[in-house]
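To start, the structure under review is shown below, and the notes come after it.
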Amino acid sequence: MTHLLILMFLLVPSTVFAQTPTTPSPDPTPVPSSAPREAIEDIQKIRQAIQEKVKEKLSEIGQPTVFKKGIIGQISRLNIPSSLEITLNGETTSTLLDPEIVYINAKKSKSNLTTLKVGDQVLALGVYDPITQQLTAKRLISFNYEKDLPPLPQTIYGTITDMSQTANSVFLSLTPLNDKNQQYQIVTDTTTKYLDSVLKSQSSVKFEVGQKIIAITSKSEKSQTSWKAIKIVLKTTPTPTVPAPSPSPTPAN
């Protein structure tokens, strides 16, 4: 009997515990659904603001600010004292005139802007704005292309058709490979530099008719029809003269 009571005592609580429904815990205070949505919107706004700032900075980097620049050409339009237009090779640049601009005339002296006229050759120095594509000139200089600018070097690749020589110079008649009807008179002197076909410097060279050379030249100051050789590259070297072999001596018997 005692054993039966102990067994019932052990079984009853567990059975009751198993059958007793658990009391649901009270729900925490609900968070309004709008709160996380507002937080997400705030984050998106911050991200968007950062992206706009980055784009703005990248745009500033990609587009150069104003910079110093010089423009050369002929005056194609005048609006003194506020502006003018300068044209070179068909390209025209609108040029604003700084209120304190300094104008130097062809005689190298300061002058008044009212002396300018369409067709004058000028150099405008100032600040260029790439966005408006305008130059604000702070200095304007009149000059003559032919007198005041040094001639540009000219490179001629051709064949020597005639030549003569003096103590310090060689005179070459050079016909360009791309224009057989053209001929240049090339003059060398003690300052001319010589290179072989692999661009190795040579202290002295030998020219001959039919030889191909590249002549880097500038207009000669002494002659309007000849070009001074600054540098000459030998594309083909003269054929060396090979002496005839001497007859072998007849061995003595």
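Residue names in the structure tokens use chain letters A, B, ... in the order shown, residue numbers from 1 in each chain, and ligand numbers from 1 in the order shown.
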
Report as a list in words: the residues of range 67-99 of chain A with a DSSP assignment of strand (DSSP E), based on the backbone of this structure.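 Answer for range 67-99 of chain A, restricted to strand (DSSP E): Phe67, Lys68, Lys69, Gly70, Ile71, Ile72, Gly73, Gln74, Ile75, Ser76, Arg77, Leu78, Asn79, Ser83, Leu84, Glu85, Ile86, Thr87, Leu88, Glu91, Thr92, Thr93, Ser94, Thr95, Leu96, Leu97, Asp98 and Pro99 of chain A.
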
Residue selection dump (N, CA and C atoms) as an mmCIF file, in the first residue's frame:
data_model
loop_
_atom_site.group_PDB
_atom_site.id
_atom_site.type_symbol
_atom_site.label_atom_id
_atom_site.label_comp_id
_atom_site.auth_asym_id
_atom_site.auth_seq_id
_atom_site.Cartn_x
_atom_site.Cartn_y
_atom_site.Cartn_z
ATOM 1 N N PHE A 67 43.250 78.528 -65.975
ATOM 2 C CA PHE A 67 44.700 78.399 -65.967
ATOM 3 C C PHE A 67 45.310 79.425 -66.921
ATOM 4 N N LYS A 68 46.591 79.687 -66.713
ATOM 5 C CA LYS A 68 47.294 80.655 -67.544
ATOM 6 C C LYS A 68 47.478 80.091 -68.951
ATOM 7 N N LYS A 69 47.323 80.983 -69.942
ATOM 8 C CA LYS A 69 47.429 80.530 -71.326
ATOM 9 C C LYS A 69 47.772 81.706 -72.229
ATOM 10 N N GLY A 70 48.448 81.415 -73.316
ATOM 11 C CA GLY A 70 48.735 82.415 -74.336
ATOM 12 C C GLY A 70 48.109 82.011 -75.657
ATOM 13 N N ILE A 71 47.570 82.967 -76.381
ATOM 14 C CA ILE A 71 46.933 82.700 -77.675
ATOM 15 C C ILE A 71 47.551 83.616 -78.715
ATOM 16 N N ILE A 72 47.899 83.031 -79.852
ATOM 17 C CA ILE A 72 48.520 83.785 -80.931
ATOM 18 C C ILE A 72 47.613 83.736 -82.155
ATOM 19 N N GLY A 73 47.583 84.814 -82.912
ATOM 20 C CA GLY A 73 46.772 84.829 -84.122
ATOM 21 C C GLY A 73 46.507 86.249 -84.605
ATOM 22 N N GLN A 74 45.553 86.360 -85.514
ATOM 23 C CA GLN A 74 45.170 87.662 -86.060
ATOM 24 C C GLN A 74 43.859 88.127 -85.438
ATOM 25 N N ILE A 75 43.773 89.413 -85.204
ATOM 26 C CA ILE A 75 42.526 89.977 -84.685
ATOM 27 C C ILE A 75 41.468 89.917 -85.788
ATOM 28 N N SER A 76 40.372 89.210 -85.488
ATOM 29 C CA SER A 76 39.298 89.084 -86.481
ATOM 30 C C SER A 76 38.081 89.939 -86.124
ATOM 31 N N ARG A 77 38.048 90.424 -84.866
ATOM 32 C CA ARG A 77 36.935 91.280 -84.458
ATOM 33 C C ARG A 77 37.379 92.118 -83.264
ATOM 34 N N LEU A 78 36.957 93.374 -83.260
ATOM 35 C CA LEU A 78 37.334 94.299 -82.186
ATOM 36 C C LEU A 78 36.100 94.865 -81.501
ATOM 37 N N ASN A 79 36.164 94.927 -80.166
ATOM 38 C CA ASN A 79 35.128 95.593 -79.383
ATOM 39 C C ASN A 79 35.823 96.298 -78.211
ATOM 40 N N SER A 83 36.517 93.638 -75.371
ATOM 41 C CA SER A 83 36.846 92.309 -75.889
ATOM 42 C C SER A 83 37.336 92.394 -77.328
ATOM 43 N N LEU A 84 37.863 91.247 -77.785
ATOM 44 C CA LEU A 84 38.228 91.083 -79.191
ATOM 45 C C LEU A 84 38.251 89.588 -79.489
ATOM 46 N N GLU A 85 38.363 89.240 -80.748
ATOM 47 C CA GLU A 85 38.462 87.837 -81.159
ATOM 48 C C GLU A 85 39.755 87.622 -81.914
ATOM 49 N N ILE A 86 40.426 86.512 -81.605
ATOM 50 C CA ILE A 86 41.705 86.172 -82.229
ATOM 51 C C ILE A 86 41.522 84.873 -83.005
ATOM 52 N N THR A 87 41.942 84.865 -84.272
ATOM 53 C CA THR A 87 41.758 83.698 -85.132
ATOM 54 C C THR A 87 43.102 83.197 -85.630
ATOM 55 N N LEU A 88 43.286 81.882 -85.582
ATOM 56 C CA LEU A 88 44.480 81.230 -86.112
ATOM 57 C C LEU A 88 44.076 79.912 -86.742
ATOM 58 N N GLU A 91 40.474 78.785 -86.370
ATOM 59 C CA GLU A 91 39.928 78.631 -85.023
ATOM 60 C C GLU A 91 39.939 79.983 -84.314
ATOM 61 N N THR A 92 38.768 80.397 -83.843
ATOM 62 C CA THR A 92 38.618 81.706 -83.228
ATOM 63 C C THR A 92 38.417 81.584 -81.718
ATOM 64 N N THR A 93 39.123 82.418 -80.968
ATOM 65 C CA THR A 93 39.004 82.442 -79.510
ATOM 66 C C THR A 93 38.488 83.804 -79.070
ATOM 67 N N SER A 94 37.402 83.780 -78.290
ATOM 68 C CA SER A 94 36.865 85.017 -77.736
ATOM 69 C C SER A 94 37.762 85.461 -76.586
ATOM 70 N N THR A 95 38.186 86.706 -76.618
ATOM 71 C CA THR A 95 39.149 87.221 -75.643
ATOM 72 C C THR A 95 38.591 88.453 -74.954
ATOM 73 N N LEU A 96 38.440 88.328 -73.630
ATOM 74 C CA LEU A 96 38.034 89.480 -72.833
ATOM 75 C C LEU A 96 39.277 90.283 -72.463
ATOM 76 N N LEU A 97 39.143 91.583 -72.364
ATOM 77 C CA LEU A 97 40.268 92.449 -72.046
ATOM 78 C C LEU A 97 40.161 92.905 -70.601
ATOM 79 N N ASP A 98 41.167 92.537 -69.812
ATOM 80 C CA ASP A 98 41.196 92.948 -68.419
ATOM 81 C C ASP A 98 41.232 94.483 -68.332
ATOM 82 N N PRO A 99 40.513 95.070 -67.365
ATOM 83 C CA PRO A 99 40.515 96.535 -67.255
ATOM 84 C C PRO A 99 41.913 97.132 -67.105
#

Can you work out the spacing between CA of Gln183 in chain A and CA of Phe171 in chain A in Å, to one decimal? 12.7 Å

Would you pick out the contacts of Ser226 in chain A at 8 Å or less, using only C-alpha atoms, so that residues sharing its chain but fewer than 6 positions from it are not included, and give the list as a JSON list (two decimals) with C-alpha atoms, in the first residue's frame?
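Just written: around-v1.json:
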[["chain", "number", "residue", "atom", "x", "y", "z"],
["A", 184, "TYR", "CA", 65.81, 71.37, -101.18],
["A", 185, "GLN", "CA", 69.24, 72.91, -100.86],
["A", 186, "ILE", "CA", 70.71, 71.68, -97.58],
["A", 187, "VAL", "CA", 73.79, 73.29, -96.05],
["A", 219, "LYS", "CA", 65.52, 78.17, -92.68],
["A", 220, "SER", "CA", 68.95, 79.59, -93.41]]

Nearby residues (only C-alpha atoms) at most 8 Å from Gly126 in chain A, same-chain spacing under 2 positions excluded, as a PyMOL selection string: chain A and resi 68-70+124+128+135-139

Determine which residues of range 83-228 of chain A DSSP labels as helix (DSSP H, G or I) from the backbone of this structure, then write them out as a list in words. Leu113, Thr114, Thr115, Tyr145, Glu146, Lys147 and Asp148 of chain A

Keeping only N, CA and C atoms, write the selected residues to a file as a compact mmCIF listing (two decimals), in the first residue's frame.
# COMPACT_ATOMS: atom_id res chain seq x y z
N LEU A 113 44.96 100.76 -76.62
CA LEU A 113 44.23 99.73 -77.36
C LEU A 113 43.51 100.28 -78.58
N THR A 114 43.25 101.55 -78.60
CA THR A 114 42.52 102.15 -79.73
C THR A 114 43.34 102.12 -81.01
N THR A 115 44.64 101.86 -80.90
CA THR A 115 45.48 101.79 -82.11
C THR A 115 45.39 100.44 -82.79
N TYR A 145 54.73 87.84 -87.66
CA TYR A 145 55.09 86.42 -87.69
C TYR A 145 56.48 86.18 -88.28
N GLU A 146 56.70 86.72 -89.46
CA GLU A 146 57.91 86.41 -90.20
C GLU A 146 59.16 87.01 -89.55
N LYS A 147 59.02 88.19 -88.95
CA LYS A 147 60.19 88.85 -88.38
C LYS A 147 60.47 88.42 -86.95
N ASP A 148 59.41 88.24 -86.16
CA ASP A 148 59.60 88.03 -84.73
C ASP A 148 59.61 86.57 -84.30

Using only C-alpha atoms, which of the listed residues (A:Ala215, A:Leu140, A:Val233, A:Ala106) sits closest to Pro153 in chain A?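 Under the stated criterion, the closest residue is A:Ala215.
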
So which one's closest to Thr155 in chain A, A:Leu195, A:Val205, A:Leu123, A:Ile232? Using only C-alpha atoms, please.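 For Thr155 in chain A, the nearest of the given residues is A:Ile232.
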